[in-house]
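coords_8.cif follows (mmCIF, C-alpha atoms):
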```cif
data_structure
#
loop_
_atom_site.label_atom_id
_atom_site.label_comp_id
_atom_site.auth_asym_id
_atom_site.auth_seq_id
_atom_site.Cartn_x
_atom_site.Cartn_y
_atom_site.Cartn_z
CA GLY A 1 50.76 78.47 103.11
CA SER A 2 51.51 77.02 99.66
CA GLY A 3 52.92 73.72 100.99
CA ALA A 4 50.90 70.51 100.66
CA CYS A 5 49.07 69.35 103.74
CA PRO A 6 49.83 65.92 105.15
CA SER A 7 46.22 64.94 104.46
CA ASP A 8 46.65 65.83 100.75
CA LEU A 9 49.73 63.60 100.51
CA LEU A 10 47.84 60.71 102.07
CA VAL A 11 45.07 61.08 99.48
CA ALA A 12 47.55 61.29 96.54
CA MET A 13 49.69 58.35 97.67
CA PRO A 14 47.30 55.55 96.53
CA VAL A 15 46.92 57.23 93.14
CA LEU A 16 50.70 57.42 92.74
CA LEU A 17 51.17 53.80 93.74
CA LEU A 18 48.44 52.72 91.31
CA GLY A 19 50.18 54.60 88.48
CA LEU A 20 53.51 52.96 89.25
CA ALA A 21 51.88 49.53 89.31
CA MET A 22 50.28 50.15 85.89
CA LEU A 23 53.62 51.20 84.41
CA ALA A 24 55.27 48.09 85.78
CA SER A 25 52.64 45.90 84.15
CA LEU A 26 53.25 47.30 80.64
CA PRO A 27 55.22 44.95 78.33
CA VAL A 28 58.85 45.89 77.81
CA LEU A 29 59.60 46.42 74.12
CA ALA A 30 62.50 44.18 73.15
CA GLN A 31 65.41 45.98 71.56
CA PRO A 32 66.41 44.55 68.17
CA ASN A 33 69.46 42.31 68.22
CA THR A 34 72.07 44.09 66.13
CA GLN A 35 74.64 41.31 66.51
CA ALA A 36 73.15 38.94 63.95
CA HIS A 37 75.54 37.38 61.46
CA LEU A 38 75.02 36.18 57.88
CA GLU A 39 77.56 34.42 55.75
CA GLY A 40 77.60 32.14 52.72
CA ARG A 41 79.12 31.48 49.34
CA VAL A 42 78.37 32.34 45.72
CA CYS A 43 78.94 29.48 43.28
CA VAL A 44 78.44 28.60 39.64
CA GLU A 45 75.32 26.52 39.10
CA PRO A 46 76.20 23.20 37.41
CA GLU A 47 74.47 22.70 34.08
CA TYR A 48 73.05 19.34 35.07
CA TYR A 49 70.92 20.95 37.80
CA GLY A 50 68.92 22.96 35.27
CA TYR A 51 68.92 26.75 35.21
CA GLY A 52 66.37 28.46 37.42
CA ASN A 53 65.86 25.49 39.74
CA SER A 54 65.05 26.97 43.17
CA ASP A 55 66.96 24.27 45.05
CA SER A 56 70.13 24.78 43.02
CA MET A 57 69.83 28.56 43.40
CA GLN A 58 70.27 28.32 47.17
CA SER A 59 73.03 25.73 47.39
CA CYS A 60 76.64 25.51 46.24
CA ASN A 61 77.04 22.42 44.09
CA GLY A 62 79.40 24.03 41.60
CA PRO A 63 82.75 25.83 41.81
CA ALA A 64 83.06 28.93 43.98
CA LEU A 65 82.73 32.28 42.19
CA PRO A 66 85.15 34.99 43.38
CA GLY A 67 84.49 38.67 42.67
CA ALA A 68 80.69 38.43 42.85
CA THR A 69 78.80 41.38 44.37
CA VAL A 70 76.31 40.45 47.10
CA HIS A 71 73.57 42.95 48.02
CA LEU A 72 71.52 42.74 51.21
CA LYS A 73 68.22 44.64 51.46
CA ARG A 74 65.62 45.06 54.20
CA ASN A 75 62.19 46.51 53.53
CA GLY A 76 63.37 47.47 50.06
CA GLN A 77 66.27 49.53 51.40
CA ASP A 78 69.95 48.73 50.90
CA ALA A 79 71.41 47.30 54.10
CA ALA A 80 74.92 46.19 53.10
CA THR A 81 77.08 45.09 50.17
CA GLN A 82 79.99 42.66 50.04
CA THR A 83 82.27 41.18 47.35
CA THR A 84 83.09 37.49 47.48
CA ASP A 85 86.69 36.52 48.17
CA ALA A 86 88.84 33.94 46.37
CA SER A 87 86.78 31.12 47.91
CA GLY A 88 83.47 32.72 46.85
CA SER A 89 82.64 33.57 50.48
CA PHE A 90 80.93 36.66 51.91
CA THR A 91 80.20 37.79 55.47
CA PHE A 92 77.79 40.36 56.95
CA ASN A 93 78.22 41.27 60.64
CA GLY A 94 76.25 43.51 63.01
CA LEU A 95 72.88 42.96 61.35
CA ALA A 96 69.51 43.54 62.99
CA GLU A 97 67.57 40.30 63.17
CA GLY A 98 64.75 39.88 60.68
CA SER A 99 63.92 39.08 57.08
CA TYR A 100 66.10 40.29 54.21
CA SER A 101 66.34 39.90 50.47
CA ILE A 102 69.77 38.90 49.23
CA SER A 103 71.03 39.04 45.66
CA ALA A 104 74.29 38.17 43.91
CA GLU A 105 75.61 39.38 40.56
CA HIS A 106 78.72 38.92 38.45
CA THR A 107 79.62 39.99 34.92
CA GLY A 108 78.69 37.24 32.49
CA PHE A 109 76.29 35.44 34.85
CA THR A 110 72.57 35.70 35.60
CA THR A 111 71.69 37.80 38.64
CA ARG A 112 69.89 35.89 41.39
CA GLU A 113 67.78 37.15 44.30
CA THR A 114 66.24 35.19 47.17
CA SER A 115 65.07 35.73 50.77
CA ALA A 116 67.13 35.22 53.90
CA SER A 117 65.98 34.99 57.53
CA VAL A 118 68.72 36.38 59.73
CA TYR A 119 68.60 35.36 63.40
CA GLY A 120 71.77 34.93 65.41
CA TYR A 121 74.14 33.04 63.15
CA SER A 122 72.71 32.40 59.67
CA TYR A 123 74.06 30.88 56.46
CA GLN A 124 72.89 31.41 52.87
CA ASP A 125 74.39 30.19 49.59
CA ILE A 126 73.53 31.48 46.11
CA SER A 127 74.33 29.86 42.76
CA LEU A 128 74.54 31.85 39.53
CA ALA A 129 73.90 30.30 36.12
CA GLY A 130 76.42 30.80 33.35
CA GLN A 131 75.67 32.44 30.01
CA GLU A 132 77.18 32.33 26.55
CA VAL A 133 79.93 34.97 26.59
CA ARG A 134 82.77 36.09 24.38
CA PHE A 135 85.96 34.32 25.41
CA ARG A 136 89.08 36.36 24.79
CA ALA A 137 92.57 35.50 26.00
CA VAL A 138 96.20 36.24 25.23
CA VAL A 139 99.22 34.07 26.04
CA ARG A 140 102.44 35.94 26.74
CA ASP A 141 105.93 35.04 27.90
CA SER A 142 107.63 36.57 30.93
CA GLY A 143 108.79 39.50 28.81
CA GLY A 144 105.29 40.29 27.57
CA ALA A 145 105.68 38.95 24.03
CA LEU A 146 102.86 36.90 22.53
CA VAL A 147 103.57 33.17 22.41
CA ALA A 148 102.87 31.79 18.94
CA GLY A 149 101.55 28.25 18.61
CA SER A 150 100.02 28.23 22.11
CA SER A 151 97.01 26.22 23.20
CA LEU A 152 94.44 26.54 25.98
CA ASN A 153 92.49 23.75 27.61
CA LEU A 154 89.58 24.63 29.91
CA CYS A 155 88.08 21.83 31.89
CA CYS A 156 85.24 20.86 34.15
CA PRO A 157 83.06 20.48 36.15
CA ASN A 158 80.34 21.96 33.91
CA SER A 159 81.93 21.61 30.51
CA GLY A 160 85.22 22.13 28.77
CA ALA A 161 86.88 23.36 25.60
CA SER A 162 90.26 23.38 23.86
CA PHE A 163 91.61 26.11 21.60
CA GLN A 164 94.73 26.57 19.44
CA SER A 165 96.27 29.87 18.33
CA ASP A 166 98.99 30.66 15.80
CA ASP A 167 99.67 34.10 17.28
CA GLY A 168 98.88 33.71 21.00
CA LYS A 169 95.49 35.44 20.73
CA PHE A 170 92.16 33.72 21.35
CA ASP A 171 88.71 35.05 20.50
CA THR A 172 85.63 32.78 20.52
CA THR A 173 82.46 32.11 22.55
CA MET A 174 81.73 29.67 25.37
CA ARG A 175 79.67 29.38 28.54
CA SER A 176 80.79 31.52 31.45
CA GLY A 177 82.03 29.68 34.50
CA VAL A 178 85.03 28.80 36.65
CA TYR A 179 87.43 26.47 34.87
CA SER A 180 90.74 24.71 35.39
CA LEU A 181 92.91 26.34 32.74
CA THR A 182 96.01 24.75 31.23
CA ALA A 183 98.12 26.79 28.81
CA SER A 184 100.93 25.19 26.83
CA ALA A 185 103.34 25.88 23.96
CA ARG A 186 106.42 24.20 22.56
CA GLY A 187 109.52 25.32 24.46
CA TYR A 188 107.52 26.60 27.44
CA ARG A 189 106.52 25.18 30.79
CA ASP A 190 102.78 24.40 31.09
CA SER A 191 100.76 26.86 33.17
CA ASN A 192 97.92 25.53 35.36
CA SER A 193 95.49 27.91 37.07
CA GLN A 194 91.86 28.54 37.87
CA ALA A 195 90.16 31.01 35.55
CA VAL A 196 86.84 32.85 35.71
CA VAL A 197 85.42 33.07 32.19
CA ASP A 198 83.02 36.03 32.28
CA GLY A 199 83.49 37.89 28.99
CA LEU A 200 86.56 39.84 30.08
CA THR A 201 89.98 39.26 28.53
CA LEU A 202 92.28 36.75 30.25
CA THR A 203 96.06 37.07 30.21
CA VAL A 204 98.07 33.89 30.69
CA ARG A 205 101.84 33.87 31.27
CA LEU A 206 104.17 31.08 30.16
CA GLU A 207 107.71 30.53 31.36
CA ARG A 208 110.27 29.49 28.76
CA LEU A 209 112.03 26.20 29.43
CA PRO A 210 115.81 26.37 29.94
CA PRO A 211 117.97 25.26 26.98
CA GLN A 212 118.62 21.53 26.90
CA ASP A 213 121.91 19.82 26.06
CA VAL A 214 121.89 18.04 22.68
CA THR A 215 124.32 15.74 20.93
CA LEU A 216 125.47 16.65 17.40
CA SER A 217 127.07 13.94 15.31
CA GLY A 218 128.13 13.66 11.66
CA THR A 219 131.03 13.55 9.25
CA VAL A 220 132.96 16.45 7.77
CA VAL A 221 134.11 15.85 4.21
CA ASP A 222 136.33 17.81 1.88
CA GLN A 223 135.51 19.00 -1.64
CA HIS A 224 136.11 15.52 -2.96
CA GLY A 225 133.70 13.91 -0.54
CA LYS A 226 136.43 12.32 1.53
CA PRO A 227 136.40 12.51 5.36
CA ALA A 228 138.43 15.46 6.60
CA SER A 229 140.47 15.50 9.75
CA HIS A 230 141.64 18.14 12.17
CA ILE A 231 138.51 20.24 11.60
CA LEU A 232 137.42 22.70 14.32
CA LEU A 233 133.60 23.12 14.62
CA TYR A 234 131.71 25.98 16.29
CA ALA A 235 128.09 25.84 17.47
CA ASP A 236 126.14 29.09 17.84
#
```
For this file, write the structure as structure tokens.
Amino acid sequence: GSGACPSDLLVAMPVLLLGLAMLASLPVLAQPNTQAHLEGRVCVEPEYYGYGNSDSMQSCNGPALPGATVHLKRNGQDAATQTTDASGSFTFNGLAEGSYSISAEHTGFTTRETSASVYGYSYQDISLAGQEVRFRAVVRDSGGALVAGSSLNLCCPNSGASFQSDDGKFDTTMRSGVYSLTASARGYRDSNSQAVVDGLTLTVRLERLPPQDVTLSGTVVDQHGKPASHILLYAD
């Protein structure tokens, strides 16, 4: 018949067992870990570190830079993109382990690119150097009107500057960066905030101070220059 003889099975059995043993001895290809994690911050490079210094590029010694775009590439192909939050932080989850190139960019700053080895939990900072940019700002009250006679003071840690404006509009040049911004004007409450100077126009709002009580004193005289009595005064 067409069925295999018992003797044929006995001959084939050693060959089968040998094949199974050879398969078992082959190395098992490890599956890539797709649970790797990369996070970090983008900061402004302090001037005193010197622009282009490789150590300062990969560490955050200056103020955090929100709104920066972070690109992650592997083998020249885009892998992921994130935008830094208010603290300059970014996070990439679910990455395959391996070597990547990471770059950060922001309007008004130099773009930086470096390498990142991602295995398990990894951390990578990037610092961007500032550039000379056009600084434009307007100071308005709560109703949207320009505040005449306003001033702006931008301070630290890289550098600072102070500006005055007769009409509430500012237009000059300075180095891009993240600054502590104080806006002030007579009759208004000072405004303190953190500002990213990147060449785009800033709008600062000032709140008018409530009216203050004052004392009015003097003497009312008649047409002959003599003190007059029983006079009713109105203040408007």
How many Å lie between atom CA of Glu113 of chain A and atom CA of Val42 of chain A, rounded to one decimal? 11.7 Å
To one decimal place, how far is atom CA of Arg189 of chain A from atom CA of Val133 of chain A in Å? 28.6 Å
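Take the PyMOL selection byres ((chain A and resi 103) around 8) and apply it to this file: it picks Val70, His71, Leu72, Ser101, Ile102, Ala104, Glu105, Thr111, Arg112, Glu113, Thr114 and Ile126 of chain A.
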Mind telling me what the PyMOL selection byres ((chain A and resi 86) around 9) catches here, as a CSV table (one decimal) with C-alpha atoms, in the frame of the given file?
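out-v7.csv, freshly written:
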```csv
chain,number,residue,atom,x,y,z
A,64,ALA,CA,83.1,28.9,44.0
A,65,LEU,CA,82.7,32.3,42.2
A,66,PRO,CA,85.2,35.0,43.4
A,67,GLY,CA,84.5,38.7,42.7
A,84,THR,CA,83.1,37.5,47.5
A,85,ASP,CA,86.7,36.5,48.2
A,87,SER,CA,86.8,31.1,47.9
A,88,GLY,CA,83.5,32.7,46.8
A,89,SER,CA,82.6,33.6,50.5
```
Starting from the shown file, work through the PyMOL selection byres ((chain A and resi 143) around 12) and note down what comes out as a list in words. Val139, Arg140, Asp141, Ser142, Gly144, Ala145, Leu146, Val147, Arg205, Leu206, Glu207 and Arg208 of chain A
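Of the listed residues A:Cys156, A:Gln124, A:Gln131, A:Thr203, the one whose atoms come nearest to Ser191 of chain A is A:Thr203, with distances taken using only C-alpha atoms.
Atom pair atom CA of Gln82 of chain A / atom CA of Ala68 of chain A: separated by 8.4 Å.
Using only C-alpha atoms, the shortest contact distance between Leu128 of chain A and any of A:Ser162, A:Thr69, A:Gln212, A:Asn192 is found at A:Thr69.
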Near-Thr91 of chain A list (7 Å; all atoms listed in the file; drop same-chain fewer than 5 positions) as number ranges by chain: A: 38-40
For Cys155 of chain A, list every protein, DNA or RNA residue within 9 Å, evaluated using all atoms listed in the file, and leave out those in the same chain fewer than 5 positions away; present the list as a list in words. Gly160, Ala161, Ser162, Val178, Tyr179, Ser180, Leu181 and Thr182 of chain A
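Here the question is which of A:Cys43, A:Ala228, A:Ala137, A:Leu152 gets nearest to Phe90 of chain A using only C-alpha atoms, and that residue is A:Cys43.
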